[in-house]
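Written out below as structure tokens is the structure these notes cover.
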Amino acid sequence: MQRRAALWITDAFRTSPSEGIEAIAGLIPITLHLRKLNGRHHLRYMSIPPSHAINSLLDSQHAKNQTPHKTATSKLTAKQQTNLKSSIKDVNERLNSVRNCFNPLHPLFSPGSWIVDHFSSRISFHFPSSSSDEDLYQHLQSLNLVFRSSQVNPNSAAVIADGGVKKSHVATAAVHIWADNSIIKHVRLANSKAGIKPTAPLSAFDKKNSIEFPLDFLHYLYNYYMVCALFSHAYHVM
Amino acid sequence: MNWVKKKNLPTIESILYEGQPCNTLPDLWHALHSSYNSAENRPINASFLNEIPQADQILWLPFSKQEFTDAKCSSLSTPSPDHISWRHLKSLITNDRCLQKIIQIANACIDLEFWLSYFKSSNTVVIPKPNKNNYNSPKSFRPIVLLNTTGKLIEKVISNRLQFQLLANGFINSYQFRGIWQRSTTDVRIYLTYLIRAGWLRQCHTSVLAFDIAQFFPSLNHQFLSLCLKKAGLNTNIVRFFNSYYSNRSTSYSWNSFTSPLFNINVGVGQGSALSPILSALYLAPIIKTFKKRIKNLNKEIPTDILSFVNDRLLISQEKSYSLSNSFLLCSYNIISKILINAGLVMEHSKTELFHFTRACHPPNPSINLLSVGGSVISPKPIWWYLGFYFNCKLNFNYHTHFYATKCLSTLSTMKILGNSSRGLLPIQKRLLYRTCVLPIALYGFQL
């Protein structure tokens with residue numbers, strides 16, 4: 001099927017090799033595409049709320065305190081487990097390698113009590129408008145100005161965040177908090193085998209990511225009057 | 001050349017209501033209005049709500065700017081009678097003063113427990129339900145409510161809050177799917193297939209009874225809904241706000257180019273409002289909780305699972321013998337139909353389906369007798385279609401893959417008219433078309 005589509009896209013001859021025309025048409029081979037989607041699908045179960053029905057089927061350490069179903073994987077014998085063919089088993093294996101965990105229903109994330117809700121007048125965000133080189137250059141220029149003015153003002157702090165994902169599923173995100181021309185806090189989130197997305201620095205301010213960082217952020221909000229958040233290359237992929 | 005043509009609804013004379021064709025427009029409006037509001041004076045008995053524990057109180061904070069900028073909708077969504085579309089609204093809320101005013105309106109609505117009558121008047125368009133054999137009854141059409149967009153924006157923010165709060169305090173049952181955050185169709189299928197496969201390992205076959213609720217959205221009772229809201233732990237002023245939200249609604253129906261005068265609606269949540277998915281989930285939560293409780297309290301506990309997918313529900317039973325599983329299913333079917341009648345809902349017995357999953361070479365495939373509860377004798381079909389999926393009893397998805405592969409190949413061959421090497425679409429557009437129109441169909445349900 002993919003071959004037919006590739007032939008149509010590239011207008012190649014009928015006997016052209018499939019792999020070649022797929023590559024020219026820019027289509028991922030269907031098996032690899034499936035593997036990619038499957039990986040994402042397994043990781044999705046990391047972020048489901050504790051009351052989700054799937055949790056009752058998973059191993060006890062991933063079940064988020066739900067009572068296991070009578071056929072849950074933890075209740076099967078070893079022989080039955082080897083004979084079982086189900087994506088739940090793959091999900092269990094995948095989740096074993098992920099360490100970072102957060103509760104999407106933490107009271108801090110409830111709508112109306114986000115940090116940006118309480119202090120909307122005190123926080124200013126600076127995002128790059130697009131990822132083209134020219135725009136990023138201009139964005140860096142404007143960031144420099146904002147950063148300098150924030151450091152001159154004794155009541156303000158600047159938060160600089162950036163993140164990246166390497167090909168080998170290693171994701172990192174780093175956050176610096178600056179005030180009076182010096183770093184006062186440095187947070188680094190690193191995660192092997194995926195777990196955080198390249199947007200992690202963004203979502204740190206947002207509603208559904210690591211709690212640790214917003215708590216620090218809250219602390220600085222009480223100490224400094226103005227905070228501006230600078231995003232050098234959010235979404236930048238190394 | 002027109003690429004797409006507006007599909008016209010059939011002529012009004014072809015619509016039958018109570019055996020009579022609608023010869024004049026007033027007849028048609030009457031037929032539509034009375035079939036979509038058939039649940040109007042249905043009695044309810046909400047006493048079973050007392051069996052359910054009261055959920056934790058929900059703290060209701062004033063609305064914030066971020067919530068309003070986060071609430072999104074497609075710009076193509078059809079506007080209400082006042083013709084303000086989402087595109088206008090999106091540019092309005094980028095202005096700080098306009099946004100401030102909208103937030104003030106929303107907060108005032110909650111404080112005063114009052115929903116503006118301007119937001120209540122709506123226009124109901126009638127859209128044919130897909131894949132029906134004949135379109136001569138009002139039931140084969142779906143009423144979609146077009147509301148005022150500003151009101152819809154506020155509804156959206158409220159519904160986001162309800163979603164979060166109801167999940168956080170655990171009122172929404174874990175067996176409910178769709179219309180709730182992070183509960184997708186894929187999860188239902190994975191849950192079901194896992195249960196079946198794990199059941200086989202324990203030498204049990206799985207029997208499934210799927211049933212449907214007739215006219216679900218238009219027949220939700222407002223009294224029952226406000227009791228549910230109270231049970232879910234919402235403040236009294238929010239419950240009163242919802243009472244005001246549902247009282248004195250009026251709508252006009254549209255059929256092709258004709259528009260009807262205003263009709264009053266006293267029942268149901270409109271399909272098309274942002275609040276209807278979460279409110280319907282809220283409505284079902286106590287029903288499922290009561291069902292779970294009742295089957296536990298019987299003399300002998302019935303090991304039946306229930307999965308709810310808005311109005312498509314599943315009863316699952318896993319046993320070694322068919323007669324045992326059939327009797328369990330019959331018993332739980334009886335219990336759930338009684339609870340649903342108390343809640344003002346009616347089951348559509350003609351749509352009930354039975355299916356057995358087994359690995360045996362020559363499965364007996366016994367049928368189930370639902371005559372005692374108002375249904376009929378149902379025998380399983382060789383292939384069961386559920387949520388866009390074709391299941392067969394051995395759970396190898398041969399038919400499913402065959403169906404979707406054929407669909408893709410036919411799409412691909414018809415796409416060829418869109419361009420060739422000398423004219424037509426550019427390669428980059430063709431690639432986009434393939435990735436958006438063909439790949440999702442081909443990969444539908446790959447997770448299993």
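Residues are named by chain letter and number: chains run A, B, ... in the order of the structure tokens, numbers start at 1 in each chain, and ligands are numbered from 1 in the order shown.
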
All strand (DSSP E) positions in region 102-132 of chain B, as a PDB file with C-alpha atoms, in the first residue's frame:
```pdb
ATOM      1  CA  SER B 122     -30.360  28.437  20.043  1.00  0.00           C
ATOM      2  CA  ASN B 123     -30.850  27.077  16.601  1.00  0.00           C
ATOM      3  CA  THR B 124     -31.158  23.322  16.132  1.00  0.00           C
ATOM      4  CA  VAL B 125     -29.919  21.971  12.840  1.00  0.00           C
ATOM      5  CA  VAL B 126     -30.917  18.487  11.859  1.00  0.00           C
ATOM      6  CA  ILE B 127     -28.165  16.294  10.443  1.00  0.00           C
ATOM      7  CA  PRO B 128     -28.752  12.793   9.049  1.00  0.00           C
TER       8      PRO B 128
END
```

Can you list, as a ChimeraX atom specification, every protein, DNA or RNA residue that comes within 9 Å of Phe263 (chain B) when you count only C-alpha atoms, leaving out same-chain residues fewer than 6 positions away? /B:33,249-253

Might you pull out every residue within 9 Å of Ser47 (chain B), with only C-alpha atoms counted and same-chain residues fewer than 3 positions away left off, and present them as a PyMOL selection string? chain B and resi 50-51+342

Store the residues picked out above in a file with N, CA and C atoms, as a compact mmCIF listing (two decimals), in the first residue's frame.
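Below is the file that was written, part-v3.txt:
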```
# COMPACT_ATOMS: atom_id res chain seq x y z
N ASN B 50 -29.46 7.72 47.12
CA ASN B 50 -29.08 7.72 48.53
C ASN B 50 -28.08 6.61 48.86
N GLU B 51 -28.04 5.59 47.99
CA GLU B 51 -27.12 4.48 48.27
C GLU B 51 -25.66 4.86 48.03
N ASN B 342 -35.45 4.05 36.36
CA ASN B 342 -35.55 4.98 37.48
C ASN B 342 -34.91 6.32 37.16
```

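The part of chain B that reaches within 6 Å of chain A is made up of Leu61, Phe63, Ser64, Arg161, Ala168, Ser174, Tyr175, Ser421, Pro427 and Lys430 of chain B, counting only C-alpha atoms.
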
Could you please take those selected residues and save C-alpha atoms as a PDB file, in the first residue's frame?
```pdb
ATOM      1  CA  LEU B  61     -12.313  29.653  42.398  1.00  0.00           C
ATOM      2  CA  PHE B  63     -12.108  32.290  36.563  1.00  0.00           C
ATOM      3  CA  SER B  64      -8.688  33.325  35.347  1.00  0.00           C
ATOM      4  CA  ARG B 161     -13.040  22.711  35.388  1.00  0.00           C
ATOM      5  CA  ALA B 168      -9.819  14.508  41.085  1.00  0.00           C
ATOM      6  CA  SER B 174     -13.234   4.223  36.197  1.00  0.00           C
ATOM      7  CA  TYR B 175     -15.408   2.188  33.820  1.00  0.00           C
ATOM      8  CA  SER B 421       3.547  13.967 -13.387  1.00  0.00           C
ATOM      9  CA  PRO B 427       4.455  15.991  -4.686  1.00  0.00           C
ATOM     10  CA  LYS B 430       0.306  14.519  -2.379  1.00  0.00           C
TER      11      LYS B 430
END
```

Hey, can you check how far CA of Ser321 (chain B) sits from CA of Asn334 (chain B)? 20.4 Å

Closest pair table for region 355-395 of chain B residues within 8 Å of region 176-196 of chain B, only C-alpha atoms, as a Markdown table:
```
| residue | atom | partner | partner_atom | distance |
| --- | --- | --- | --- | --- |
| B:Phe357 | CA | B:Ile196 | CA | 7.0 |
| B:Leu387 | CA | B:Thr185 | CA | 7.4 |
| B:Leu395 | CA | B:Thr193 | CA | 7.9 |
```

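Across the structure, CA of Tyr135 (chain B) and CA of Gly268 (chain B) are spaced 23.1 Å apart.
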
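Shortest separation to Leu201 (chain B) among A:Val91, A:Ser149, A:Ile24, A:Thr82 occurs at residue A:Thr82, atoms counted being only C-alpha atoms.
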
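Distances from B:Leu28, B:Leu279, B:Ile213, B:Leu371 to Leu227 (chain B) were compared using only C-alpha atoms, and the smallest one belongs to B:Leu279.
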
I'd like the contact shell of Asn92 (chain A) - 8 Å cut-off, only C-alpha atoms, skipping same-chain residues fewer than 6 positions apart - returned as an MDAnalysis selection string. chainID A and resid 58:59 62

Residues near Gln151 (chain A), cut-off 10 Å, only C-alpha atoms, skip fewer than 3 positions along chain, as a short mmCIF file (atom, residue, chain, number, x, y, z; two decimals) with C-alpha atoms, in the first residue's frame:
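Output (out-v9.cif):
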```
data_model
loop_
_atom_site.label_atom_id
_atom_site.label_comp_id
_atom_site.auth_asym_id
_atom_site.auth_seq_id
_atom_site.Cartn_x
_atom_site.Cartn_y
_atom_site.Cartn_z
CA VAL A 146 14.91 41.90 28.10
CA PHE A 147 17.49 40.01 30.10
CA ARG A 148 19.68 43.07 30.62
CA PRO A 154 16.56 44.73 41.64
CA ASN A 155 12.98 43.53 41.99
CA SER A 156 12.95 41.17 39.08
CA ALA A 157 14.25 37.74 38.30
CA ALA A 158 14.72 36.03 34.98
CA TRP A 178 18.94 34.79 37.43
CA ALA A 179 18.76 37.82 39.68
CA ASP A 180 21.30 40.60 40.21
CA ASN A 181 23.53 39.24 37.45
CA SER A 182 24.11 35.89 39.06
#
```

Among region 161-344 of chain B, which residues carry a DSSP assignment of helix (DSSP H, G or I), reported as a PyMOL selection string? chain B and resi 161-168+185-201+217-219+222-231+236-246+276-297+322-342

Let me see the file: selected residues, C-alpha atoms, as an mmCIF file, in the first residue's frame.
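Dumped to part.cif:
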```
data_model
loop_
_atom_site.group_PDB
_atom_site.id
_atom_site.type_symbol
_atom_site.label_atom_id
_atom_site.label_comp_id
_atom_site.auth_asym_id
_atom_site.auth_seq_id
_atom_site.Cartn_x
_atom_site.Cartn_y
_atom_site.Cartn_z
ATOM 1 C CA ARG B 161 -13.040 22.711 35.388
ATOM 2 C CA LEU B 162 -15.689 20.078 35.931
ATOM 3 C CA GLN B 163 -13.568 17.523 34.077
ATOM 4 C CA PHE B 164 -10.610 18.160 36.352
ATOM 5 C CA GLN B 165 -12.522 18.389 39.600
ATOM 6 C CA LEU B 166 -14.737 15.365 39.035
ATOM 7 C CA LEU B 167 -11.754 13.213 38.087
ATOM 8 C CA ALA B 168 -9.819 14.508 41.085
ATOM 9 C CA THR B 185 -11.816 4.381 22.477
ATOM 10 C CA THR B 186 -8.433 2.693 22.249
ATOM 11 C CA ASP B 187 -8.481 2.169 25.991
ATOM 12 C CA VAL B 188 -11.845 0.423 25.783
ATOM 13 C CA ARG B 189 -10.558 -1.945 23.129
ATOM 14 C CA ILE B 190 -7.327 -2.665 24.952
ATOM 15 C CA TYR B 191 -9.233 -3.336 28.141
ATOM 16 C CA LEU B 192 -11.646 -5.659 26.384
ATOM 17 C CA THR B 193 -9.064 -7.619 24.406
ATOM 18 C CA TYR B 194 -6.885 -7.986 27.484
ATOM 19 C CA LEU B 195 -9.786 -9.392 29.484
ATOM 20 C CA ILE B 196 -10.583 -11.856 26.715
ATOM 21 C CA ARG B 197 -7.005 -13.080 26.304
ATOM 22 C CA ALA B 198 -6.400 -13.323 30.033
ATOM 23 C CA GLY B 199 -9.695 -15.182 30.372
ATOM 24 C CA TRP B 200 -8.579 -17.753 27.803
ATOM 25 C CA LEU B 201 -5.467 -18.444 29.851
ATOM 26 C CA PHE B 217 -28.609 13.098 25.025
ATOM 27 C CA PRO B 218 -32.100 14.534 24.463
ATOM 28 C CA SER B 219 -33.615 12.520 27.299
ATOM 29 C CA HIS B 222 -32.759 18.037 34.592
ATOM 30 C CA GLN B 223 -34.040 17.226 38.068
ATOM 31 C CA PHE B 224 -31.947 14.088 38.214
ATOM 32 C CA LEU B 225 -28.982 15.997 36.836
ATOM 33 C CA SER B 226 -29.107 18.601 39.580
ATOM 34 C CA LEU B 227 -29.276 15.812 42.191
ATOM 35 C CA CYS B 228 -26.202 14.250 40.575
ATOM 36 C CA LEU B 229 -24.382 17.593 40.668
ATOM 37 C CA LYS B 230 -25.126 17.831 44.370
ATOM 38 C CA LYS B 231 -23.846 14.291 44.927
ATOM 39 C CA THR B 236 -25.157 24.901 46.194
ATOM 40 C CA ASN B 237 -24.666 28.062 44.175
ATOM 41 C CA ILE B 238 -23.121 26.092 41.299
ATOM 42 C CA VAL B 239 -26.029 23.642 41.403
ATOM 43 C CA ARG B 240 -28.441 26.580 41.324
ATOM 44 C CA PHE B 241 -26.486 28.041 38.440
ATOM 45 C CA PHE B 242 -27.010 24.817 36.499
ATOM 46 C CA ASN B 243 -30.715 24.880 37.346
ATOM 47 C CA SER B 244 -30.936 28.323 35.839
ATOM 48 C CA TYR B 245 -28.770 27.139 32.933
ATOM 49 C CA TYR B 246 -31.339 24.515 31.981
ATOM 50 C CA SER B 276 -22.926 18.021 27.303
ATOM 51 C CA PRO B 277 -20.112 15.360 27.355
ATOM 52 C CA ILE B 278 -19.162 15.965 30.956
ATOM 53 C CA LEU B 279 -22.747 16.327 32.141
ATOM 54 C CA SER B 280 -23.721 13.061 30.479
ATOM 55 C CA ALA B 281 -20.749 11.350 32.146
ATOM 56 C CA LEU B 282 -21.895 12.841 35.422
ATOM 57 C CA TYR B 283 -25.392 11.503 34.813
ATOM 58 C CA LEU B 284 -24.124 7.986 34.198
ATOM 59 C CA ALA B 285 -21.669 7.819 37.097
ATOM 60 C CA PRO B 286 -24.242 7.158 39.863
ATOM 61 C CA ILE B 287 -26.050 4.628 37.646
ATOM 62 C CA ILE B 288 -22.924 2.553 37.211
ATOM 63 C CA LYS B 289 -22.024 2.895 40.875
ATOM 64 C CA THR B 290 -25.448 1.646 41.926
ATOM 65 C CA PHE B 291 -25.228 -1.240 39.483
ATOM 66 C CA LYS B 292 -21.853 -2.301 40.873
ATOM 67 C CA LYS B 293 -23.197 -2.097 44.382
ATOM 68 C CA ARG B 294 -26.367 -4.062 43.642
ATOM 69 C CA ILE B 295 -24.632 -6.981 41.968
ATOM 70 C CA LYS B 296 -22.323 -7.183 44.964
ATOM 71 C CA ASN B 297 -25.208 -7.292 47.426
ATOM 72 C CA TYR B 322 -22.181 -20.885 28.569
ATOM 73 C CA SER B 323 -25.358 -21.394 30.560
ATOM 74 C CA LEU B 324 -23.792 -19.835 33.643
ATOM 75 C CA SER B 325 -22.468 -16.788 31.805
ATOM 76 C CA ASN B 326 -25.754 -16.312 29.977
ATOM 77 C CA SER B 327 -27.715 -16.362 33.201
ATOM 78 C CA PHE B 328 -25.301 -13.877 34.792
ATOM 79 C CA LEU B 329 -25.685 -11.587 31.812
ATOM 80 C CA LEU B 330 -29.457 -11.864 31.901
ATOM 81 C CA CYS B 331 -29.529 -11.048 35.586
ATOM 82 C CA SER B 332 -27.293 -7.993 35.270
ATOM 83 C CA TYR B 333 -29.206 -6.841 32.200
ATOM 84 C CA ASN B 334 -32.340 -6.938 34.277
ATOM 85 C CA ILE B 335 -30.759 -4.935 37.104
ATOM 86 C CA ILE B 336 -29.318 -2.247 34.837
ATOM 87 C CA SER B 337 -32.568 -1.795 32.918
ATOM 88 C CA LYS B 338 -34.416 -1.190 36.186
ATOM 89 C CA ILE B 339 -31.880 1.412 37.297
ATOM 90 C CA LEU B 340 -32.022 3.142 33.920
ATOM 91 C CA ILE B 341 -35.813 3.381 34.035
ATOM 92 C CA ASN B 342 -35.547 4.982 37.482
#
```
